[in-house]
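What's in run_0.txt: compact mmCIF, C-alpha atoms and all ligand atoms
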```
# COMPACT_ATOMS: atom_id res chain seq x y z
CA MET T 1 37.10 -128.01 51.39
CA SER T 2 39.89 -129.97 49.74
CA GLU T 3 40.97 -128.65 46.36
CA LYS T 4 41.12 -132.23 45.19
CA ASN T 5 37.45 -132.69 45.90
CA ILE T 6 36.20 -131.82 42.46
CA LEU T 7 32.69 -132.54 41.36
CA SER T 8 31.81 -131.67 37.85
CA SER T 9 30.61 -128.06 37.93
CA ASN T 10 27.38 -127.17 36.21
CA PRO T 11 28.03 -124.67 33.40
CA TRP T 12 24.36 -123.62 33.15
CA ARG T 13 22.21 -121.14 35.06
CA SER T 14 18.70 -122.14 36.10
CA ASP T 15 17.28 -120.09 33.19
CA GLY T 16 19.23 -122.28 30.74
CA SER T 17 21.85 -119.65 29.88
CA LEU T 18 25.58 -120.40 29.86
CA ARG T 19 27.38 -119.34 33.04
CA HIS T 20 30.85 -120.95 32.73
CA LEU T 21 32.92 -121.91 29.70
CA LEU T 22 35.30 -124.70 30.76
CA THR T 23 35.09 -127.02 27.77
CA LEU T 24 33.31 -127.26 24.43
CA GLU T 25 32.34 -130.84 25.19
CA GLY T 26 28.60 -131.18 25.53
CA LEU T 27 27.75 -127.77 24.04
CA SER T 28 25.00 -128.06 21.47
CA ARG T 29 25.52 -127.21 17.83
CA PRO T 30 22.99 -124.33 18.00
CA LEU T 31 24.84 -122.78 20.94
CA LEU T 32 28.20 -123.15 19.19
CA GLU T 33 26.70 -121.58 16.06
CA THR T 34 25.32 -118.69 18.11
CA LEU T 35 28.72 -118.08 19.72
CA LEU T 36 30.38 -118.16 16.28
CA GLU T 37 27.83 -115.75 14.83
CA ARG T 38 28.42 -113.33 17.67
CA SER T 39 32.18 -113.76 17.21
CA ALA T 40 31.83 -113.00 13.50
CA HIS T 41 30.00 -109.80 14.49
CA TYR T 42 33.07 -108.70 16.46
CA SER T 43 35.63 -109.93 13.91
CA ALA T 44 36.77 -106.93 11.89
CA PRO T 45 39.48 -106.80 9.21
CA LEU T 46 42.62 -104.91 10.21
CA SER T 47 41.74 -102.15 7.77
CA VAL T 48 38.87 -100.95 9.97
CA PRO T 49 38.90 -99.96 13.65
CA ALA T 50 38.43 -102.76 16.17
CA ALA T 51 34.83 -103.44 17.18
CA ARG T 52 33.75 -102.12 20.56
CA SER T 53 30.64 -102.12 22.68
CA ASN T 54 29.45 -101.02 26.12
CA ALA T 55 28.00 -104.44 26.95
CA LEU T 56 30.23 -104.99 30.00
CA ILE T 57 30.49 -101.51 31.49
CA GLY T 58 30.56 -101.91 35.27
CA LYS T 59 31.85 -105.50 35.12
CA THR T 60 35.26 -106.65 36.32
CA VAL T 61 37.18 -109.52 34.75
CA ALA T 62 40.19 -111.09 36.50
CA LEU T 63 42.82 -112.92 34.47
CA MET T 64 44.75 -115.55 36.42
CA PHE T 65 47.29 -117.25 34.18
CA ALA T 66 49.59 -119.76 35.85
CA GLU T 67 51.22 -120.84 32.58
CA PRO T 68 52.94 -118.71 29.95
CA SER T 69 50.58 -116.99 27.52
CA THR T 70 50.88 -114.20 25.01
CA ARG T 71 47.95 -114.35 22.62
CA THR T 72 45.32 -115.83 24.91
CA ARG T 73 45.96 -113.49 27.84
CA VAL T 74 46.30 -110.36 25.73
CA SER T 75 43.24 -111.18 23.66
CA PHE T 76 41.09 -111.81 26.74
CA GLU T 77 42.27 -108.48 28.13
CA LEU T 78 41.57 -106.60 24.89
CA ALA T 79 38.22 -108.36 24.54
CA ALA T 80 37.11 -107.37 28.05
CA ARG T 81 38.32 -103.78 27.60
CA ARG T 82 36.68 -103.40 24.19
CA LEU T 83 33.38 -104.38 25.85
CA GLY T 84 33.89 -101.73 28.51
CA ALA T 85 34.85 -104.00 31.42
CA ASP T 86 37.57 -103.35 34.00
CA VAL T 87 40.39 -105.91 33.87
CA ILE T 88 42.85 -107.05 36.48
CA ASN T 89 45.81 -109.29 35.79
CA ILE T 90 47.00 -111.55 38.56
CA GLU T 91 50.56 -112.63 37.93
CA VAL T 92 50.07 -116.04 39.45
CA GLN T 93 53.75 -116.85 39.76
CA LEU T 94 54.24 -113.60 41.69
CA SER T 95 51.06 -113.73 43.68
CA SER T 96 50.25 -115.25 47.04
CA ARG T 97 50.16 -118.74 45.58
CA LEU T 98 53.92 -118.71 45.94
CA LYS T 99 53.42 -117.95 49.61
CA GLY T 100 51.18 -120.97 49.95
CA GLU T 101 47.82 -119.29 49.53
CA SER T 102 45.50 -121.67 47.76
CA VAL T 103 43.88 -120.78 44.45
CA LEU T 104 40.52 -120.70 46.19
CA ASP T 105 41.72 -118.17 48.76
CA THR T 106 43.03 -115.94 45.99
CA VAL T 107 39.73 -116.27 44.13
CA ALA T 108 37.74 -115.52 47.31
CA THR T 109 39.87 -112.43 47.91
CA LEU T 110 39.11 -111.16 44.42
CA GLU T 111 35.43 -112.03 44.75
CA SER T 112 35.32 -109.74 47.78
CA MET T 113 36.44 -106.98 45.42
CA HIS T 114 33.47 -107.56 43.10
CA VAL T 115 35.11 -109.56 40.35
CA ASP T 116 32.39 -110.84 38.00
CA ALA T 117 34.43 -113.34 35.98
CA PHE T 118 37.67 -115.27 36.27
CA VAL T 119 39.68 -116.38 33.27
CA LEU T 120 42.04 -119.12 34.39
CA ARG T 121 44.95 -120.92 32.76
CA ASP T 122 46.71 -123.68 34.65
CA SER T 123 48.87 -126.71 33.97
CA ASP T 124 46.61 -128.53 36.43
CA ALA T 125 43.56 -129.26 34.28
CA SER T 126 41.26 -129.45 37.29
CA ILE T 127 41.79 -125.86 38.49
CA PRO T 128 39.25 -123.92 36.34
CA GLU T 129 36.59 -126.54 37.09
CA MET T 130 37.36 -126.46 40.80
CA VAL T 131 37.13 -122.68 40.93
CA ALA T 132 33.82 -122.79 39.03
CA LYS T 133 32.44 -125.08 41.72
CA HIS T 134 33.30 -122.69 44.49
CA VAL T 135 32.56 -119.16 43.27
CA ALA T 136 29.37 -117.28 44.14
CA PRO T 137 26.38 -117.87 41.84
CA SER T 138 26.79 -114.46 40.21
CA VAL T 139 30.38 -115.20 39.13
CA SER T 140 31.46 -116.88 35.87
CA VAL T 141 34.60 -118.88 35.15
CA ILE T 142 36.23 -119.25 31.74
CA SER T 143 39.08 -121.58 30.89
CA GLY T 144 42.02 -119.98 29.13
CA GLY T 145 43.62 -123.44 28.83
CA ALA T 146 43.34 -126.34 31.26
CA GLY T 147 46.36 -128.68 31.24
CA SER T 148 46.16 -130.85 28.16
CA LEU T 149 42.40 -131.18 28.60
CA SER T 150 40.74 -128.21 26.96
CA HIS T 151 41.11 -124.75 25.49
CA PRO T 152 37.55 -123.82 24.55
CA THR T 153 38.08 -120.30 23.19
CA GLN T 154 40.91 -121.61 20.99
CA GLY T 155 38.51 -124.20 19.54
CA LEU T 156 35.98 -121.47 18.81
CA LEU T 157 38.53 -119.22 17.10
CA ASP T 158 39.79 -122.14 15.03
CA ALA T 159 36.24 -122.91 13.87
CA LEU T 160 35.54 -119.23 13.15
CA THR T 161 38.71 -118.97 11.05
CA VAL T 162 37.83 -122.03 8.97
CA ARG T 163 34.27 -120.78 8.49
CA GLN T 164 35.50 -117.38 7.31
CA HIS T 165 37.75 -118.98 4.71
CA ARG T 166 35.59 -121.91 3.62
CA GLY T 167 32.08 -120.75 4.52
CA ARG T 168 31.41 -123.96 6.44
CA ILE T 169 32.86 -126.74 8.53
CA GLU T 170 30.42 -129.32 7.27
CA GLY T 171 31.97 -132.01 5.11
CA LEU T 172 35.55 -130.73 5.44
CA THR T 173 38.50 -133.05 6.04
CA ILE T 174 40.61 -131.58 8.83
CA ALA T 175 44.01 -132.95 9.90
CA ILE T 176 45.35 -132.13 13.37
CA VAL T 177 49.06 -132.84 13.20
CA GLY T 178 51.87 -133.32 15.72
CA ASP T 179 51.77 -133.66 19.49
CA VAL T 180 48.07 -134.48 19.67
CA LYS T 181 48.51 -136.46 22.88
CA HIS T 182 49.46 -133.48 25.05
CA SER T 183 47.47 -130.81 23.23
CA ARG T 184 44.44 -129.08 24.74
CA VAL T 185 44.13 -127.24 21.42
CA ALA T 186 43.68 -130.57 19.60
CA ARG T 187 41.00 -131.73 22.04
CA SER T 188 38.90 -128.58 21.79
CA ALA T 189 39.38 -128.35 18.01
CA ALA T 190 38.33 -131.97 17.47
CA GLN T 191 35.26 -131.41 19.63
CA ILE T 192 34.04 -128.33 17.79
CA PHE T 193 34.86 -129.55 14.28
CA THR T 194 33.03 -132.80 15.00
CA ALA T 195 30.06 -130.99 16.55
CA LEU T 196 29.80 -128.71 13.51
CA GLY T 197 29.69 -131.63 11.08
CA ALA T 198 33.24 -131.96 9.71
CA GLY T 199 33.42 -134.81 7.21
CA GLU T 200 36.54 -136.27 8.83
CA VAL T 201 38.76 -135.15 11.68
CA ARG T 202 42.15 -136.85 11.41
CA LEU T 203 44.72 -137.17 14.16
CA VAL T 204 48.13 -137.32 12.51
CA ALA T 205 50.96 -138.03 14.93
CA PRO T 206 53.97 -140.18 15.68
CA VAL T 207 52.97 -143.26 17.68
CA GLY T 208 54.40 -141.79 20.90
CA LEU T 209 52.40 -138.57 20.54
CA MET T 210 49.10 -140.20 19.59
CA PRO T 211 46.46 -140.09 22.35
CA ASP T 212 44.87 -143.19 23.86
CA GLU T 213 42.22 -144.95 21.79
CA ALA T 214 39.60 -144.11 24.42
CA GLU T 215 39.93 -140.42 23.58
CA PHE T 216 38.91 -138.43 20.50
CA ALA T 217 35.86 -140.52 19.66
CA GLY T 218 35.05 -140.50 15.96
CA CYS T 219 38.44 -139.21 14.77
CA SER T 220 40.55 -141.23 12.34
CA ARG T 221 44.25 -141.79 13.08
CA PHE T 222 47.37 -141.67 10.91
CA THR T 223 50.98 -142.25 11.94
CA ASN T 224 52.37 -140.97 8.65
CA LEU T 225 52.33 -137.27 7.74
CA ASP T 226 52.01 -137.60 3.97
CA ARG T 227 49.08 -140.00 4.20
CA GLY T 228 47.51 -138.06 7.06
CA ILE T 229 47.30 -134.76 5.22
CA SER T 230 46.53 -136.23 1.82
CA ASP T 231 43.46 -134.46 0.31
CA CYS T 232 42.77 -132.46 3.46
CA ASP T 233 40.95 -129.12 3.40
CA VAL T 234 42.66 -127.94 6.59
CA VAL T 235 46.03 -128.82 8.12
CA MET T 236 46.40 -127.73 11.75
CA MET T 237 49.94 -128.02 13.06
CA LEU T 238 50.77 -128.33 16.76
CA ARG T 239 53.80 -127.50 18.88
CA ILE T 240 55.52 -130.30 20.79
CA GLN T 241 54.34 -129.70 24.37
CA LYS T 242 57.74 -130.25 25.98
CA GLU T 243 56.44 -128.95 29.30
CA ARG T 244 54.08 -131.93 29.50
CA MET T 245 56.67 -134.67 28.89
CA THR T 246 59.77 -136.06 30.48
CA ALA T 247 63.10 -134.95 29.01
CA ALA T 248 63.68 -138.45 27.62
CA ALA T 249 60.43 -138.34 25.65
CA ILE T 250 61.19 -135.05 23.86
CA PRO T 251 61.94 -135.81 20.20
CA ASP T 252 65.11 -134.61 18.52
CA GLU T 253 64.05 -131.44 16.69
CA ALA T 254 66.01 -131.91 13.49
CA ARG T 255 64.76 -135.45 13.11
CA TYR T 256 61.22 -134.43 13.97
CA PHE T 257 61.27 -131.78 11.22
CA GLN T 258 62.46 -134.35 8.69
CA GLU T 259 59.58 -136.65 9.41
CA TRP T 260 56.84 -134.41 10.78
CA GLY T 261 57.61 -130.85 9.71
CA LEU T 262 55.13 -129.26 7.30
CA THR T 263 57.11 -128.09 4.28
CA ARG T 264 55.85 -126.58 1.01
CA GLU T 265 56.53 -129.84 -0.75
CA ARG T 266 54.58 -131.88 1.75
CA LEU T 267 51.68 -129.44 1.80
CA GLN T 268 51.08 -130.33 -1.86
CA ARG T 269 49.60 -133.61 -0.63
CA ALA T 270 46.69 -131.67 0.84
CA LYS T 271 43.95 -130.19 -1.37
CA PRO T 272 45.06 -127.23 -3.51
CA GLY T 273 44.70 -124.12 -1.37
CA ALA T 274 44.23 -126.12 1.85
CA LEU T 275 44.29 -123.89 4.93
CA VAL T 276 47.36 -124.05 7.17
CA MET T 277 46.68 -123.34 10.84
CA HIS T 278 48.75 -123.20 14.02
CA PRO T 279 47.62 -122.01 17.47
CA GLN T 280 51.11 -120.60 18.19
CA PRO T 281 53.66 -120.31 19.68
CA MET T 282 55.30 -121.80 16.57
CA ASN T 283 58.64 -123.50 16.39
CA ARG T 284 59.74 -122.69 12.86
CA GLY T 285 61.90 -125.45 11.49
CA VAL T 286 60.50 -128.00 13.95
CA GLU T 287 56.79 -128.63 13.24
CA ILE T 288 56.45 -126.11 10.40
CA ALA T 289 58.73 -124.54 7.80
CA SER T 290 58.94 -120.77 7.94
CA ASP T 291 57.82 -120.29 4.34
CA VAL T 292 54.69 -122.34 5.00
CA ALA T 293 53.91 -120.45 8.20
CA ASP T 294 54.16 -117.17 6.27
CA GLY T 295 52.90 -118.54 2.97
CA PRO T 296 49.72 -117.88 1.00
CA GLN T 297 47.82 -120.80 2.52
CA SER T 298 48.54 -119.79 6.11
CA VAL T 299 45.62 -118.37 8.12
CA ILE T 300 47.65 -118.22 11.34
CA ARG T 301 47.39 -114.42 11.63
CA ASP T 302 43.62 -114.64 11.14
CA GLN T 303 43.45 -117.10 14.03
CA VAL T 304 45.09 -114.51 16.27
CA ARG T 305 42.82 -111.72 15.07
CA ASN T 306 39.76 -113.88 15.61
CA GLY T 307 40.90 -114.68 19.14
CA VAL T 308 39.84 -111.23 20.31
CA ALA T 309 36.45 -111.48 18.58
CA VAL T 310 35.69 -114.92 20.03
CA ARG T 311 36.64 -113.81 23.53
CA MET T 312 34.41 -110.74 23.19
CA ALA T 313 31.52 -112.99 22.18
CA VAL T 314 32.15 -115.38 25.06
CA LEU T 315 32.50 -112.66 27.72
CA GLU T 316 29.39 -110.91 26.43
CA THR T 317 27.36 -114.13 26.29
CA LEU T 318 28.29 -115.09 29.84
CA LEU T 319 28.19 -111.68 31.53
CA ALA T 320 26.13 -109.08 29.68
CA GLY T 321 22.93 -108.03 31.40
CA ARG T 322 23.66 -110.07 34.54
C1 LIG V 1 48.38 -123.03 22.90
C2 LIG V 1 48.19 -123.42 24.34
O1 LIG V 1 48.53 -122.69 25.25
O2 LIG V 1 47.61 -124.48 24.52
N1 LIG V 1 48.63 -121.69 22.73
C3 LIG V 1 47.56 -120.85 22.60
O3 LIG V 1 46.81 -120.66 23.52
N2 LIG V 1 47.35 -120.28 21.42
C4 LIG V 1 49.27 -123.92 22.14
C5 LIG V 1 50.64 -124.22 22.64
O4 LIG V 1 51.07 -123.75 23.68
O5 LIG V 1 51.32 -124.97 21.94
```
Please go through the file and, once you have read it, give me the structure as C-alpha cells.
Amino acid sequence: MSEKNILSSNPWRSDGSLRHLLTLEGLSRPLLETLLERSAHYSAPLSVPAARSNALIGKTVALMFAEPSTRTRVSFELAARRLGADVINIEVQLSSRLKGESVLDTVATLESMHVDAFVLRDSDASIPEMVAKHVAPSVSVISGGAGSLSHPTQGLLDALTVRQHRGRIEGLTIAIVGDVKHSRVARSAAQIFTALGAGEVRLVAPVGLMPDEAEFAGCSRFTNLDRGISDCDVVMMLRIQKERMTAAAIPDEARYFQEWGLTRERLQRAKPGALVMHPQPMNRGVEIASDVADGPQSVIRDQVRNGVAVRMAVLETLLAGR
C-alpha cells in the first residue's frame, strides 16, 4: 500500500480505551485530566528517587526518531524503563531507511520481534499516523513530534507544569511567543490549554511567523511582544524552527532578539511572577535572554522533569494490562 495513502487512524480500541496518542486534538477534558493526574503521580521532586513501577514488565517499546531529539527521546526511554519495559532505539538515519527500506517495512520487521509500541518522530507529519494505520491491532503508536503538526506529550507536560505551579489552567492568560507558525509545540499547547479552560491563549509572533487564520481556533493574535505578553500568567517562548523554513526566511538573530527576545525588562509587562516556559532546545540571546531562562520565574527545568512523568503516564495508559 502506498505510504501516501493515509486515512485518519482511529486512536481508540473497541472497548473505548486509548490505543494511539498522535495528537491531543479531539481528546476529551476528562481524559486529559486523567492523564495529567497519572502524570502527577509519577512526577517526583529531584530530592526523592524517581518513581518506578512494574506496569510494563514484558512489554517492548521501540523508539524511532528521524529528527534530532535530546529530551523527548531520553525521557521516553527513561519512562519505558522505569515502568519495567524493554526499550530499543532505532537510529533512523543509520537504519535501513537510508538503504531505501520504507518506514512500514522497518516497522513490520520490528513487529515480528514482538514490539508492543512505537514512538515516532519525523519531519513528515504524516508518518506516525500512517504507521498507526498499518500496525497490528495489539500495537500502539505514540507521536514524539510530527512535523509542525503535533507534539502531544509536550502539550501534556506543559499543562502539568502550569498546573503544578498555578494549581489550575482555568482562567489563565497564556502567551505562546515566537515561531508559532512552524511549531508543533505551539499547536499541542494551544489545544490542551484551550481544552482545559484557559481564559485566553494568545499567539504572539512576527507577521511572517504567525500561522494561517484557519488554524488555532479560539486563540487571540498579537504581532507585538510587549502587548502580547502584557498581564499574562504564562509566557511560553519558542525556538525559530529554521529547519522548517527556507534560508531566505530565517530572521537575523540579533535583530530578532531586539524585537522578540524575552528580556527581564520585557517580562515585567506580564503579571508579577508570571511563569516562563520553553520546550527547549533554547537559543539564548535569540528568543530568550539567559538570565530569564535561568531566572526565578523560569519553570523550564520542571518541564523537562515532568516530561518523564507524562511519558510514563501515557505509556502505562496505552499499554498496561494489554
Ligand atoms: C521541540 C520539538 O522538537 O518540537 N523540542 C522538544 O521536543 N522539547 C521544540 C523545538 O525543537 O524547538
Hey, can you check how far CA of Arg82 (chain T) sits from atom O4 of ligand LIG 1 (chain V)? 24.9 Å
Please provide as a ChimeraX atom specification all residues within 9 Å of Arg81 (chain T), with the sequence filter that same-chain residues fewer than 6 positions apart are discarded (counting only C-alpha atoms). /T:52,56,87
Could the residues that lie within 7 Å of ligand LIG 1 (chain V), counting only C-alpha atoms and all ligand atoms, be listed as a VMD selection string? chain T and resid 69 71 to 72 145 151 154 183 to 185 238 to 241 279 to 281
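Distance check against Glu129 (chain T) using all atoms listed in the file: of T:Ala146, T:Ala80, T:Val115, T:Leu196, the minimum falls on T:Ala146.
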Residue neighbourhood Val308 (chain T), 8 Å, only C-alpha atoms, exclusion window fewer than 3 positions, as a VMD selection string: chain T and resid 43 75 to 76 78 to 79 304 to 305 311 to 312
Please produce an output containing C-alpha atoms for each residue in the selection, written as a PDB file, in the coordinates of the input.
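Final file, out-v5.pdb:
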```
ATOM      1  CA  SER T  43      35.630-109.930  13.910  1.00  0.00           C
ATOM      2  CA  SER T  75      43.240-111.180  23.660  1.00  0.00           C
ATOM      3  CA  PHE T  76      41.090-111.810  26.740  1.00  0.00           C
ATOM      4  CA  LEU T  78      41.570-106.600  24.890  1.00  0.00           C
ATOM      5  CA  ALA T  79      38.220-108.360  24.540  1.00  0.00           C
ATOM      6  CA  VAL T 304      45.090-114.510  16.270  1.00  0.00           C
ATOM      7  CA  ARG T 305      42.820-111.720  15.070  1.00  0.00           C
ATOM      8  CA  ARG T 311      36.640-113.810  23.530  1.00  0.00           C
ATOM      9  CA  MET T 312      34.410-110.740  23.190  1.00  0.00           C
TER      10      MET T 312
END
```
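For Leu275 (chain T), the residues within 10 Å (counting only C-alpha atoms, excluding itself and residues fewer than 3 positions away along the chain) are T:Thr161, T:Val162, T:His165, T:Arg166, T:Ile174, T:Cys232, T:Asp233, T:Val234, T:Val235, T:Met236, T:Leu267, T:Ala270, T:Lys271, T:Pro272, T:Pro296, T:Gln297, T:Ser298, T:Val299, T:Ile300.
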Using the file's own x, y and z axes, what box holds all listed atoms of region 258-265 of chain T with 3 Å on each side, keeping edges along x, y and z, and what are its centre and edge lengths in Å to one decimal, as AutoDock Vina command-line options?
```
--center_x 58.8 --center_y -131.6 --center_z 5.0 --size_x 13.3 --size_y 16.1 --size_z 17.5
```
With a distance cut-off of 7 Å and all atoms listed in the file, select the neighbouring residues of region 206-221 of chain T, excluding the residue or stretch itself and same-chain residues fewer than 4 positions from it, and output the selection as a ChimeraX atom specification. /T:179-181,200-202
Nearest to Gln93 (chain T) among T:Ala159, T:Met245, T:Arg121, T:Thr223, with distances taken over all atoms listed in the file: which residue is it? T:Arg121
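For the choices T:Val131, T:Val310, T:Ala274, T:Ala190, the atom-to-atom distance to Thr34 (chain T) is smallest for T:Val310 when using all atoms listed in the file.
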Find the distance between CA of Ala309 (chain T) and CA of Ala40 (chain T) and write it in Å to one decimal. 7.0 Å
What lies within 9 Å of His134 (chain T) using all atoms listed in the file, ignoring chain neighbours under 6 positions off, as a compact mmCIF listing (two decimals) with C-alpha atoms, in the frame of the given file?
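Listing of result-v4.txt after writing:
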```txt
# COMPACT_ATOMS: atom_id res chain seq x y z
CA SER T 9 30.61 -128.06 37.93
CA LEU T 104 40.52 -120.70 46.19
CA ALA T 108 37.74 -115.52 47.31
```
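Considering the residues T:Gly228, T:Gly144, T:Gly307, T:Gly178 and counting all atoms listed in the file, Tyr256 (chain T) has its shortest atom-to-atom contact with T:Gly178.
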